Each structure stands twice: as C-alpha cells, then as structure tokens.
Amino acid sequence: MFLTKKEERILEGEEGEAKALAMRLLVAIGDVYEARRMIKVHSAQISGVSYKTIGEPGLEFLREFTSRGAVATVKAMLNPTGMDLVRWRELGVPVEFAQKQLEVMRCFSKMKIEPTCTCIPYESNGNALRGEHVAWAESSAVIFANSVLGAYTNREGGPTALASSILGLSPLYGMHLDEQRVPTHQVKVKCKLESDLDYSLLGYWIGESLGSNLPRIDGLGEAPSYDRLKALGASMAASGSAPMFSIRKKADRRRECETISVDREELLQVSRVLSSEHEFEHVCLGCPHLSLEELKVIANLVSGRKTVKRLWCFTSRHLRNIAERRGYVRAIEQAGGRVVCDTCMVVSPIREMGVSGLATNSCKAAHYLRSLNRIRSRLMSLEECVGYGLS
Amino acid sequence: MDSPRLEMNGRKVVAGRGAGEAIVSKRAISFFGGVDPRSGIVIEQGHDLEGRSIQGKVLIFPRGKGSTVGSYVIYGLRKYGAAPVAIVNIETEPIIIGGCVLARIPLVDRLDRNPVEAIRTGDWVEVEGNLGRVWVTKQ
C-alpha cells in the first residue's frame, strides 16, 4: 500500500518503537486487504479490556507496549472491562482477578485511553458522526456506527483498534469505501415485531443465515427506536460477522440481490435453540449496555416494589451518572436491583460471582454466555425480564 | 536417497525467516480458548490437533477464527517460549496477522499449491516471509 513520507518514517522507527509496531500491524493488514493508503480516523474504540478474555498474555503485551511509550493520539475509548471499577467487592469479584484487572486499566491509563468501558460509546460521550471515519472494535458498536450513525468503520480487533489509537490512522479498505457498503441480500420480514427481544431474535437469525453478507431489511414498519436497532445489530454481529445492515424503506434498484424471508416460525426456532426453560435466580440486562431510556423503563417498572431475584442492570459510568441525577438508579437500587457500570455479564468472571444461569433479553449475551461461560440463559423481553425478577 | 525440495510461492504477510518440522491442520484455529499460550498445546475439543504442541514447529492451517484476543495468545506463545517458528495459512486474516506482527513470527499465505494438502506433518519446512516463499523437504 502507498505510505506517505511521514508514515514511512514511523514504520522505520523514527517516532519510537510503539508507533513502529502499530504501523507494522496496520500496514500488514492493509497489504492483505489491498488498501490503497491509510485514512485518518476521528476515534478508536478498543476491545480486549477484560482480564477474563485477554488473560496474562494480553496483560503482558499491554505492559510491554506501554513501556515502549505507546500513547493515544486521537480520542480513544475502551470496551467493557471485567468488573465494576468501583463496586467490584460488593458484587463478589475475586480479589486476584480485580488486581489483574486494575493493572490492565493502569496500562490503558498510561496510554491516555479513556476508561469509558462501554459497548455503546455512541451514547456515552463518544459518538461518531455521519461520514466520519473511525476504528472501532466492539462488533455491536461497529454495526451500529455503519448502519445507524452513518459513520465508517471496519470491524476492528483489539490490537488493530489499539494501533489506530496510537497512530490516528486505519488502512483504507472495506467499510471505509462507499462501494463496499451496498447491501448484498434482501431480508423480507413477514411478521410484526412486538418487543426488543423480537429485534434481537431477528438479528440473530439474519447473522446465522447471511454470515458476513450485508442485509437490507424490509418490512420493519415505522422507524424502529435506537434501542431496537441496537438489539438487532448486536445479535446479528454475534451470530454472523456483518459490519453493516440497512433498513431503507424504498427498494434499492442499484443492484439485484438475493432475497430471503423470515416469519415468526424462524424467530421461534432461534429462541428454542438459545433459550432455556429452567428457572434462574439472576436477571441480567444490558447487552449491549442499557440506554437512559431503558434504565428509565426499568426504574418505572420496579419503582416502589421489591425484587425477589437478583437484578443486575449493566450500563456505562457516563450514563449511570446521568441516571443517578434523574432518580432511575435510586428507584432500581431501592427495589433491590443493582446498576452496574464498566462491565457486563459476558466479560465479567460471572461464574466466580455465583451465577449459573440467568434471564436476559439479549441473544448476543445468550450466545456468548453459552459458548464462553457454559451458562444458560432464559430469553424474555426487557419488561418480562423485570417482571421475572419481581416474582 | 535425497528427498526433493519443493518450492512454493505465495504472499508475504509478516517478514522473517523460520524453519522447522511441519504440523498441519485441515481446520481453522481459534487461538483464544483453543491454544494454551504457556505450553503451545492445542486444547480445542475435537480439533484435529487437540493435545498436540505447536512449539518450535512450522504451523500450517487454513485460517484463523474466533475472538481477536487470539492475537494476544500468539504474542503470549512467543513470550513463554512456546511459539511456532513460522505460520503458513491458505488465506490469512487479522487475528493471525496481528499475532504474528506482535510476536514477530513469519507469516505467508496464498501459496501456488494448497499447503494443507501439499505439506504433511513431519515434513521439513523453510519459510522466507520477506519473499512469501516456502520450501518443503518431504520426510
């Protein structure tokens, strides 16, 4: 790929070892994907933050990278970490795990990366604007940025997003190019979607059916809310690897594409595979992290009542602070629930925290809880989950 | 009798040279959860390399899969002395590229012959990452 004189000098190490390593990585990726050149990015969002996933090898790398002088040069944010950074003791996180996790956080802090610790940076002081190029790693944020926000990002990994945060660059290929952002398949939705869970199930089915192909989804009716699109994209990016979907109402005449149809039966089939009928003692909401609107809904549902099961509501610290001022946090916690920040049920050491199964509204969570944690989930809509926690 | 030395040409992905005994898999590898970084032993259940070590070998497999955290596992393999000396893929992807850059492991792909068919476990393989070239001496 073409490199500017300055980029060449970085590659040769003139601006330090950390930048040279970051450049070697991005150039290797760029060459493989036949990128013409680098493009400047406005922000980077880095995954691989929880000690549970990166483990000792990841921590070793972060230590070394930090010691070589790695510092972010653009707005840089983090995906959820392995625990609530303030209330981890109260939530039963083992001390040894917490110590490692705090060391991971110190490495990122030295690199001047903001401890946003959320999968919804776009609602937590880290938005991407229409037409902006960014380098984000969280798959649900990538698909939301491309599809809903109109920003441009490839589905980065932890290391490539970290490299982009140091250099402020990303190789120009894939989703950064308009000609690659055209739907390849049409999905006709033949049933009426009633709840947030329906959107999550639909996304999961599309991801399973289309893999990395880009769907255009028809038949969703009135413009779905941000929260529903968040649920749709998150599960699609978990069961498949699409970085983008579109929901244009008008048929796209630029390109003929293959059409697949989905009805209630397909959604029930996904639910039958992912959802358990067992009774569980925990209800976990917030995969992806809960929005203010969702926190408000939960607060209204539990206000003045008492939870019987453990209700954990995961969100970003940024949104929790706002929710606190609006009284949502008090309503949920007085009812016995917890508004947990910085982490989620998927990346925290949830077994060690005493959870063996849970109710949730997220197919993405159910998918990863099963594959990474061997934990079963019972799928219900957000309202039903809260009701389950109260009964 | 001397064994013939077969040359294959492909694409340079990560520079460097490495030579060793081949260990060949016909299946994609997820380094995250699939390989123990301290021992270099493949631990993915049901994988065709399950229980085998990749330490000091030239690792040949179709492509990476799974979480991008896998790059850090490859870095860890190097740190703990359990890394392969080179990697050859049919068609590589960012998890393996990231790991090989961080761990300085030569990586080539897109050879003019399918490496998982043409190379057998135990063959002697030399990888020249800078040229994207591989030489195989059948055992």
# chains A, B, ... in the order shown; residues from 1 in each chain; ligands from 1
$ closest_atom_pairs --of "chain A" --to "chain B" --cutoff "8 Å" --atoms "only C-alpha atoms" --output "tab-separated table"
residue	atom	partner	partner_atom	distance
A:Leu21	CA	B:Leu102	CA	7.4
A:Arg24	CA	B:Val101	CA	7.0
A:Leu25	CA	B:Val101	CA	5.9
A:Ala28	CA	B:Val13	CA	6.0
A:Ile29	CA	B:Pro94	CA	6.4
A:Asp31	CA	B:Val13	CA	7.6
A:Val32	CA	B:Val13	CA	7.0
A:Gly48	CA	B:Val69	CA	6.0
A:Thr53	CA	B:Val69	CA	6.9
A:Ile54	CA	B:Val69	CA	5.9
A:Glu56	CA	B:Gly76	CA	7.8
A:Pro57	CA	B:Gly76	CA	4.4
A:Gly58	CA	B:Tyr72	CA	5.1
A:Glu60	CA	B:Gly76	CA	7.6
A:Phe61	CA	B:Tyr72	CA	7.1
A:Gly157	CA	B:Thr68	CA	5.1
A:Gly158	CA	B:Thr68	CA	6.2
A:Pro159	CA	B:Gly98	CA	6.6
A:Thr160	CA	B:Gly98	CA	7.3
$ write_last_selection --atoms "C-alpha atoms" --output "PDB file, in the first residue's frame"
ATOM      1  CA  LEU A  21       4.946  -1.693  15.897  1.00  0.00           C
ATOM      2  CA  ARG A  24       3.787  -2.639  11.051  1.00  0.00           C
ATOM      3  CA  LEU A  25       0.457  -4.109  12.134  1.00  0.00           C
ATOM      4  CA  ALA A  28       0.360  -5.814   7.183  1.00  0.00           C
ATOM      5  CA  ILE A  29      -3.448  -5.683   7.392  1.00  0.00           C
ATOM      6  CA  ASP A  31      -1.450  -5.037   2.306  1.00  0.00           C
ATOM      7  CA  VAL A  32      -3.546  -8.168   2.781  1.00  0.00           C
ATOM      8  CA  GLY A  48      -9.889  -6.849  24.704  1.00  0.00           C
ATOM      9  CA  THR A  53     -10.627 -12.542  27.937  1.00  0.00           C
ATOM     10  CA  ILE A  54      -7.086 -11.185  27.415  1.00  0.00           C
ATOM     11  CA  GLU A  56      -1.901 -12.956  31.203  1.00  0.00           C
ATOM     12  CA  PRO A  57      -0.728 -12.800  27.540  1.00  0.00           C
ATOM     13  CA  GLY A  58      -2.828  -9.677  26.915  1.00  0.00           C
ATOM     14  CA  GLU A  60       1.983  -8.866  29.216  1.00  0.00           C
ATOM     15  CA  PHE A  61       1.521  -7.226  25.835  1.00  0.00           C
ATOM     16  CA  GLY A 157      -9.970  -6.243  16.588  1.00  0.00           C
ATOM     17  CA  GLY A 158      -8.432  -5.268  19.913  1.00  0.00           C
ATOM     18  CA  PRO A 159      -4.860  -4.991  18.558  1.00  0.00           C
ATOM     19  CA  THR A 160      -5.769  -3.103  15.358  1.00  0.00           C
TER      20      THR A 160
END
$ residues_around --residues "Cys107 of chain A" --least-positions-apart "5" --cutoff "8 Å" --atoms "only C-alpha atoms" --output "ChimeraX atom specification"
/A:62-63,66
$ atom_distance --atom1 "atom CA of Glu117 of chain B" --atom2 "atom CA of Arg104 of chain B"
26.0 Å
$ residues_around --residues "Glu383 of chain A" --least-positions-apart "3" --cutoff "10 Å" --atoms "only C-alpha atoms" --output "list of chain:residue names"
A:Ser195, A:Asp196, A:Leu197, A:Glu294, A:Val297, A:Ile298, A:Leu301, A:Asn361, A:Met380, A:Val386, A:Gly387, A:Tyr388, A:Gly389
$ write_last_selection --atoms "C-alpha atoms" --output "PDB file, in the first residue's frame"
ATOM      1  CA  SER A 195     -40.629  -6.329  21.523  1.00  0.00           C
ATOM      2  CA  ASP A 196     -36.930  -5.643  21.924  1.00  0.00           C
ATOM      3  CA  LEU A 197     -36.442  -9.420  22.118  1.00  0.00           C
ATOM      4  CA  GLU A 294     -34.087   1.592  29.008  1.00  0.00           C
ATOM      5  CA  VAL A 297     -38.287   1.898  31.744  1.00  0.00           C
ATOM      6  CA  ILE A 298     -36.729  -0.454  34.312  1.00  0.00           C
ATOM      7  CA  LEU A 301     -41.339  -0.976  36.411  1.00  0.00           C
ATOM      8  CA  ASN A 361     -33.362 -10.027  26.702  1.00  0.00           C
ATOM      9  CA  MET A 380     -37.543 -12.739  27.550  1.00  0.00           C
ATOM     10  CA  VAL A 386     -38.012  -7.222  35.052  1.00  0.00           C
ATOM     11  CA  GLY A 387     -41.336  -8.904  35.873  1.00  0.00           C
ATOM     12  CA  TYR A 388     -39.478 -12.207  36.299  1.00  0.00           C
ATOM     13  CA  GLY A 389     -37.087 -10.509  38.715  1.00  0.00           C
TER      14      GLY A 389
END
$ select_by_dssp --residues "chain B" --states "strand (DSSP E)" --output "VMD selection string"
chain B and resid 5 to 9 11 to 14 17 to 24 58 to 61 86 to 89 107 to 109 124 to 128 133 to 137
$ residues_around --residues "Met111 of chain A" --least-positions-apart "5" --cutoff "8 Å" --atoms "only C-alpha atoms" --output "ChimeraX atom specification"
/A:66,69-72
$ write_last_selection --atoms "C-alpha atoms" --output "PDB file, in the first residue's frame"
ATOM      1  CA  THR A  66       3.130   0.861  27.473  1.00  0.00           C
ATOM      2  CA  GLY A  69       5.943   4.638  25.031  1.00  0.00           C
ATOM      3  CA  ALA A  70       2.582   3.942  23.389  1.00  0.00           C
ATOM      4  CA  VAL A  71       0.251   6.949  23.755  1.00  0.00           C
ATOM      5  CA  ALA A  72      -3.065   7.570  22.017  1.00  0.00           C
TER       6      ALA A  72
END
$ residues_around --residues "Leu111 of chain B" --least-positions-apart "5" --cutoff "10 Å" --atoms "only C-alpha atoms" --output "short mmCIF file (atom, residue, chain, number, x, y, z; two decimals) with C-alpha atoms, in the first residue's frame"
data_model
loop_
_atom_site.label_atom_id
_atom_site.label_comp_id
_atom_site.auth_asym_id
_atom_site.auth_seq_id
_atom_site.Cartn_x
_atom_site.Cartn_y
_atom_site.Cartn_z
CA GLU B 7 9.36 -24.68 -3.68
CA MET B 8 6.03 -22.87 -3.27
CA ASN B 9 5.36 -19.20 -3.86
CA GLY B 10 2.80 -17.06 -2.13
CA ARG B 11 2.19 -13.76 -0.46
CA LYS B 12 4.43 -12.11 2.11
CA VAL B 88 1.51 -20.73 6.73
CA ASN B 89 -2.20 -20.17 6.00
CA ILE B 90 -4.32 -20.87 2.94
CA GLU B 91 -5.84 -17.37 3.33
CA GLY B 132 6.45 -15.07 0.59
CA ARG B 133 8.26 -18.29 -0.28
CA VAL B 134 8.18 -21.77 1.28
#
$ select_by_dssp --residues "segment 53-87 of chain B" --states "helix (DSSP H, G or I)" --output "MDAnalysis selection string"
chainID B and resid 70:79
$ residues_around --residues "segment 269-271 of chain A" --least-positions-apart "2" --cutoff "8 Å" --atoms "only C-alpha atoms" --output "NGL selection string"
:A and (201 or 204-205 or 265-267 or 273-275 or 379)
$ write_last_selection --atoms "N, CA and C atoms" --output "PDB file, in the first residue's frame"
ATOM      1  N   LEU A 201     -33.901 -11.439  18.276  1.00  0.00           N
ATOM      2  CA  LEU A 201     -34.050 -12.747  17.611  1.00  0.00           C
ATOM      3  C   LEU A 201     -33.886 -12.611  16.104  1.00  0.00           C
ATOM      4  N   TYR A 204     -30.279 -12.178  15.206  1.00  0.00           N
ATOM      5  CA  TYR A 204     -29.551 -13.442  15.362  1.00  0.00           C
ATOM      6  C   TYR A 204     -29.804 -14.363  14.168  1.00  0.00           C
ATOM      7  N   TRP A 205     -31.064 -14.409  13.745  1.00  0.00           N
ATOM      8  CA  TRP A 205     -31.408 -15.264  12.599  1.00  0.00           C
ATOM      9  C   TRP A 205     -30.716 -14.771  11.330  1.00  0.00           C
ATOM     10  N   GLU A 265     -42.039 -18.153  12.742  1.00  0.00           N
ATOM     11  CA  GLU A 265     -41.515 -19.504  12.986  1.00  0.00           C
ATOM     12  C   GLU A 265     -39.979 -19.498  13.078  1.00  0.00           C
ATOM     13  N   GLU A 266     -39.317 -18.727  12.239  1.00  0.00           N
ATOM     14  CA  GLU A 266     -37.850 -18.662  12.264  1.00  0.00           C
ATOM     15  C   GLU A 266     -37.364 -18.046  13.586  1.00  0.00           C
ATOM     16  N   LEU A 267     -38.100 -17.022  14.038  1.00  0.00           N
ATOM     17  CA  LEU A 267     -37.700 -16.381  15.302  1.00  0.00           C
ATOM     18  C   LEU A 267     -37.894 -17.351  16.470  1.00  0.00           C
ATOM     19  N   VAL A 273     -33.503 -22.701  20.341  1.00  0.00           N
ATOM     20  CA  VAL A 273     -32.101 -23.130  20.423  1.00  0.00           C
ATOM     21  C   VAL A 273     -31.352 -22.391  21.538  1.00  0.00           C
ATOM     22  N   LEU A 274     -31.585 -21.071  21.644  1.00  0.00           N
ATOM     23  CA  LEU A 274     -30.783 -20.259  22.570  1.00  0.00           C
ATOM     24  C   LEU A 274     -31.330 -20.211  23.989  1.00  0.00           C
ATOM     25  N   SER A 275     -32.654 -20.365  24.123  1.00  0.00           N
ATOM     26  CA  SER A 275     -33.293 -20.078  25.401  1.00  0.00           C
ATOM     27  C   SER A 275     -33.572 -21.337  26.205  1.00  0.00           C
ATOM     28  N   LEU A 379     -34.524 -16.436  27.600  1.00  0.00           N
ATOM     29  CA  LEU A 379     -34.766 -15.212  26.842  1.00  0.00           C
ATOM     30  C   LEU A 379     -36.181 -14.688  27.029  1.00  0.00           C
TER      31      LEU A 379
END
$ residues_around --residues "Thr343 of chain A" --least-positions-apart "3" --cutoff "6 Å" --atoms "only C-alpha atoms" --output "PyMOL selection string"
chain A and resi 80-84
$ decode --residues "segment 9-20 of chain B" --atoms "N, CA and C atoms" --output "compact mmCIF listing (two decimals), in the first residue's frame"
# COMPACT_ATOMS: atom_id res chain seq x y z
N ASN B 9 5.35 -20.66 -3.92
CA ASN B 9 5.36 -19.20 -3.86
C ASN B 9 4.00 -18.66 -3.46
N GLY B 10 4.05 -17.65 -2.59
CA GLY B 10 2.80 -17.06 -2.13
C GLY B 10 2.96 -15.61 -1.80
N ARG B 11 2.22 -15.18 -0.79
CA ARG B 11 2.19 -13.76 -0.46
C ARG B 11 2.91 -13.53 0.87
N LYS B 12 3.78 -12.54 0.87
CA LYS B 12 4.43 -12.11 2.11
C LYS B 12 3.41 -11.38 2.97
N VAL B 13 3.25 -11.80 4.21
CA VAL B 13 2.35 -11.05 5.11
C VAL B 13 3.16 -10.46 6.26
N VAL B 14 3.92 -11.32 6.96
CA VAL B 14 4.81 -10.82 8.01
C VAL B 14 6.22 -11.33 7.70
N ALA B 15 7.18 -10.40 7.70
CA ALA B 15 8.55 -10.72 7.30
C ALA B 15 9.24 -11.60 8.35
N GLY B 16 10.37 -12.18 7.95
CA GLY B 16 11.18 -13.01 8.84
C GLY B 16 11.36 -14.40 8.27
N ARG B 17 12.34 -15.14 8.83
CA ARG B 17 12.59 -16.50 8.35
C ARG B 17 12.41 -17.48 9.49
N GLY B 18 11.92 -18.66 9.14
CA GLY B 18 11.78 -19.70 10.14
C GLY B 18 11.81 -21.06 9.47
N ALA B 19 12.43 -22.04 10.14
CA ALA B 19 12.46 -23.38 9.58
C ALA B 19 12.21 -24.39 10.69
N GLY B 20 11.49 -25.43 10.36
CA GLY B 20 11.22 -26.45 11.36
C GLY B 20 10.35 -27.56 10.79
